[in-house]
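Here's the structure, in structure tokens; my notes come after.
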Amino acid sequence: MNSYGLRNLFPRLFPRLTWRRADVGKTIYLTFDDGPVEGVTEWVLDLLKEKKVKATFFVVGDNVKKYPAVMQRVANEQTFANHTFHHVKGWSYTLEQYLGEVKHCDEIMREITGDSMSAKSSRRLFRPPYGRITGKQVKALLPDYELIMWDVLTGDYDKHLNIEKAFQRSCKETRSGSIIVFHDSYKAEKQMKQLLPRYIDYCLSQGYTFDWL
């Protein structure tokens, strides 16, 4: 099955998760996973400011603890949300352990920024690392969080990524309401820096507006 088929199949199989926004015109949602980290996250924030683009950062609590000044800048300039404390795979954790990871991340975000979520967001958001989460974990989190997935995965975490192919594919898959995933991590840094500016420029040239989730 091609990528178009897969991105239409998964939302039907897991309808309680948010894969894209509907009825939003030519608005799209740029997201970054796994930060904040020094250097990379700051480079992304500089680019977003230069391009006047909004984005949502799904932060790892352990990185928030390690880089509080970078996290504070994210909170001041963009919006952010929970990505667990240790970037864990839900399939490998009990419900109690997983909820503890989410709670721990909320606590460190609140400690560093003064609240558990950005004041720019009207709801609490959560993205499961690797997209791996069990039905029981979904059920337990849904009363308090909107679970955010994606419909455009750039693949910037792949150190062997063919940048040109990834760019063309990401542009082709982008549509109104798309949720796009990049990574502000050391692993993705080289690929992301090549891909992100071109992708933003393409979307702006097509009349898309970037907004916070």
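FYI, nothing fancy with the structure tokens labels: chains A, B, ... in order, residues from 1 per chain, ligands from 1 as they appear.
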
Give me the residues within 10 Å of Ser170 in chain A as a PyMOL selection string, counting only C-alpha atoms and dropping any in the same chain fewer than 6 places off.
chain A and resi 151-155+164+180-181+195+199

Nearest to Arg124 in chain A among A:Leu30, A:Ile200, A:Leu213, A:Cys171, with distances taken over only C-alpha atoms: which residue is it?
A:Leu213

What are the DSSP helix (DSSP H, G or I) residues of range 68-162 of chain A, as an MDAnalysis selection string?
chainID A and resid 68:77 90:92 95:113 129:131 135:141

Write to file, as a short mmCIF file (atom, residue, chain, number, x, y, z; two decimals), in the first residue's frame, the residues of the selection just made, with N, CA and C atoms.
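Contents of out21.cif, freshly written:
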```
data_model
loop_
_atom_site.label_atom_id
_atom_site.label_comp_id
_atom_site.auth_asym_id
_atom_site.auth_seq_id
_atom_site.Cartn_x
_atom_site.Cartn_y
_atom_site.Cartn_z
N PRO A 68 16.59 24.21 30.35
CA PRO A 68 15.47 25.06 30.74
C PRO A 68 15.42 26.40 30.01
N ALA A 69 16.57 26.97 29.70
CA ALA A 69 16.58 28.25 29.00
C ALA A 69 16.03 28.11 27.59
N VAL A 70 16.37 27.02 26.92
CA VAL A 70 15.84 26.78 25.57
C VAL A 70 14.33 26.54 25.65
N MET A 71 13.90 25.79 26.66
CA MET A 71 12.48 25.54 26.83
C MET A 71 11.72 26.83 27.07
N GLN A 72 12.29 27.71 27.86
CA GLN A 72 11.62 28.98 28.14
C GLN A 72 11.47 29.80 26.86
N ARG A 73 12.47 29.73 25.99
CA ARG A 73 12.35 30.45 24.72
C ARG A 73 11.25 29.84 23.86
N VAL A 74 11.15 28.51 23.82
CA VAL A 74 10.05 27.86 23.10
C VAL A 74 8.72 28.37 23.61
N ALA A 75 8.57 28.42 24.93
CA ALA A 75 7.32 28.86 25.53
C ALA A 75 7.01 30.31 25.21
N ASN A 76 8.03 31.13 25.13
CA ASN A 76 7.83 32.56 24.84
C ASN A 76 7.45 32.82 23.40
N GLU A 77 7.96 31.98 22.48
CA GLU A 77 7.81 32.29 21.06
C GLU A 77 6.80 31.40 20.33
N GLY A 90 4.92 3.38 24.09
CA GLY A 90 3.80 2.95 24.89
C GLY A 90 3.60 1.45 24.93
N TRP A 91 3.93 0.78 23.84
CA TRP A 91 3.73 -0.67 23.77
C TRP A 91 4.59 -1.41 24.80
N SER A 92 5.65 -0.80 25.26
CA SER A 92 6.58 -1.46 26.18
C SER A 92 6.34 -1.09 27.64
N LEU A 95 0.15 0.62 31.76
CA LEU A 95 -0.66 1.83 31.80
C LEU A 95 -0.17 2.75 32.91
N GLU A 96 0.08 2.22 34.07
CA GLU A 96 0.52 3.04 35.20
C GLU A 96 1.86 3.71 34.90
N GLN A 97 2.79 2.96 34.33
CA GLN A 97 4.11 3.51 34.00
C GLN A 97 3.99 4.62 32.95
N TYR A 98 3.16 4.39 31.95
CA TYR A 98 3.03 5.36 30.86
C TYR A 98 2.39 6.65 31.35
N LEU A 99 1.34 6.53 32.14
CA LEU A 99 0.70 7.72 32.69
C LEU A 99 1.66 8.48 33.60
N GLY A 100 2.54 7.75 34.28
CA GLY A 100 3.55 8.40 35.10
C GLY A 100 4.52 9.22 34.26
N GLU A 101 4.88 8.70 33.09
CA GLU A 101 5.74 9.44 32.17
C GLU A 101 5.09 10.73 31.70
N VAL A 102 3.80 10.66 31.39
CA VAL A 102 3.07 11.84 30.93
C VAL A 102 2.98 12.86 32.07
N LYS A 103 2.64 12.40 33.25
CA LYS A 103 2.52 13.29 34.40
C LYS A 103 3.85 13.96 34.73
N HIS A 104 4.93 13.20 34.68
CA HIS A 104 6.26 13.74 34.97
C HIS A 104 6.63 14.83 33.98
N CYS A 105 6.30 14.63 32.72
CA CYS A 105 6.57 15.66 31.70
C CYS A 105 5.75 16.91 31.98
N ASP A 106 4.48 16.74 32.31
CA ASP A 106 3.65 17.89 32.66
C ASP A 106 4.26 18.68 33.82
N GLU A 107 4.74 17.96 34.81
CA GLU A 107 5.28 18.61 36.01
C GLU A 107 6.52 19.44 35.68
N ILE A 108 7.43 18.91 34.86
CA ILE A 108 8.64 19.66 34.55
C ILE A 108 8.33 20.83 33.62
N MET A 109 7.36 20.67 32.71
CA MET A 109 6.96 21.81 31.88
C MET A 109 6.41 22.93 32.75
N ARG A 110 5.59 22.56 33.73
CA ARG A 110 5.00 23.55 34.64
C ARG A 110 6.09 24.23 35.46
N GLU A 111 7.05 23.44 35.92
CA GLU A 111 8.13 23.99 36.74
C GLU A 111 8.96 25.01 35.96
N ILE A 112 9.25 24.71 34.71
CA ILE A 112 10.12 25.58 33.91
C ILE A 112 9.37 26.77 33.33
N THR A 113 8.13 26.58 32.91
CA THR A 113 7.42 27.64 32.19
C THR A 113 6.31 28.29 32.99
N PRO A 129 5.38 9.13 21.65
CA PRO A 129 6.62 8.89 20.92
C PRO A 129 6.52 7.68 20.00
N TYR A 130 7.06 7.82 18.82
CA TYR A 130 7.04 6.79 17.77
C TYR A 130 5.62 6.49 17.28
N GLY A 131 4.62 7.20 17.78
CA GLY A 131 3.24 6.89 17.45
C GLY A 131 2.75 5.60 18.07
N GLY A 135 -4.39 0.78 23.33
CA GLY A 135 -5.78 1.20 23.46
C GLY A 135 -6.10 1.66 24.87
N LYS A 136 -5.58 0.97 25.88
CA LYS A 136 -5.83 1.36 27.26
C LYS A 136 -5.21 2.72 27.58
N GLN A 137 -4.04 2.98 27.02
CA GLN A 137 -3.38 4.27 27.24
C GLN A 137 -4.16 5.39 26.57
N VAL A 138 -4.66 5.13 25.37
CA VAL A 138 -5.50 6.12 24.68
C VAL A 138 -6.73 6.44 25.51
N LYS A 139 -7.41 5.42 25.96
CA LYS A 139 -8.64 5.60 26.73
C LYS A 139 -8.39 6.41 28.01
N ALA A 140 -7.27 6.15 28.66
CA ALA A 140 -6.95 6.83 29.91
C ALA A 140 -6.58 8.30 29.69
N LEU A 141 -5.95 8.61 28.55
CA LEU A 141 -5.48 9.97 28.30
C LEU A 141 -6.54 10.88 27.68
#
```

DSSP strand (DSSP E) residues within chain A, listed as a PDB file with C-alpha atoms, in the first residue's frame:
```pdb
ATOM      1  CA  THR A  27      -4.095  26.169   7.242  1.00  0.00           C
ATOM      2  CA  ILE A  28      -1.456  23.579   8.124  1.00  0.00           C
ATOM      3  CA  TYR A  29       0.271  22.636  11.369  1.00  0.00           C
ATOM      4  CA  LEU A  30       4.032  22.366  11.643  1.00  0.00           C
ATOM      5  CA  THR A  31       5.252  20.295  14.602  1.00  0.00           C
ATOM      6  CA  PHE A  32       8.616  19.376  16.100  1.00  0.00           C
ATOM      7  CA  ASP A  33       9.334  16.343  18.259  1.00  0.00           C
ATOM      8  CA  ALA A  55       4.753  25.718  15.121  1.00  0.00           C
ATOM      9  CA  THR A  56       3.974  23.362  17.981  1.00  0.00           C
ATOM     10  CA  PHE A  57       6.828  21.672  19.867  1.00  0.00           C
ATOM     11  CA  PHE A  58       6.205  18.260  21.441  1.00  0.00           C
ATOM     12  CA  VAL A  59       8.838  18.271  24.147  1.00  0.00           C
ATOM     13  CA  THR A  79       3.462  26.647  21.634  1.00  0.00           C
ATOM     14  CA  PHE A  80       4.421  23.318  23.187  1.00  0.00           C
ATOM     15  CA  ALA A  81       2.972  20.051  24.418  1.00  0.00           C
ATOM     16  CA  ASN A  82       3.729  16.755  26.140  1.00  0.00           C
ATOM     17  CA  LEU A 125      -2.069  18.128  23.697  1.00  0.00           C
ATOM     18  CA  PHE A 126      -0.097  14.895  23.768  1.00  0.00           C
ATOM     19  CA  GLU A 146      -6.113  15.616  22.588  1.00  0.00           C
ATOM     20  CA  LEU A 147      -3.838  12.940  21.130  1.00  0.00           C
ATOM     21  CA  VAL A 152       2.961  14.156   6.816  1.00  0.00           C
ATOM     22  CA  LEU A 153       6.059  12.476   8.252  1.00  0.00           C
ATOM     23  CA  ILE A 179      -0.086  17.993  10.627  1.00  0.00           C
ATOM     24  CA  ILE A 180       3.589  17.798   9.655  1.00  0.00           C
ATOM     25  CA  VAL A 181       6.362  16.236  11.737  1.00  0.00           C
ATOM     26  CA  PHE A 182       9.955  17.465  11.896  1.00  0.00           C
ATOM     27  CA  HIS A 183      12.449  16.812  14.699  1.00  0.00           C
ATOM     28  CA  THR A 209      -0.850  29.514   6.534  1.00  0.00           C
ATOM     29  CA  PHE A 210       0.924  27.886   9.476  1.00  0.00           C
TER      30      PHE A 210
END
```
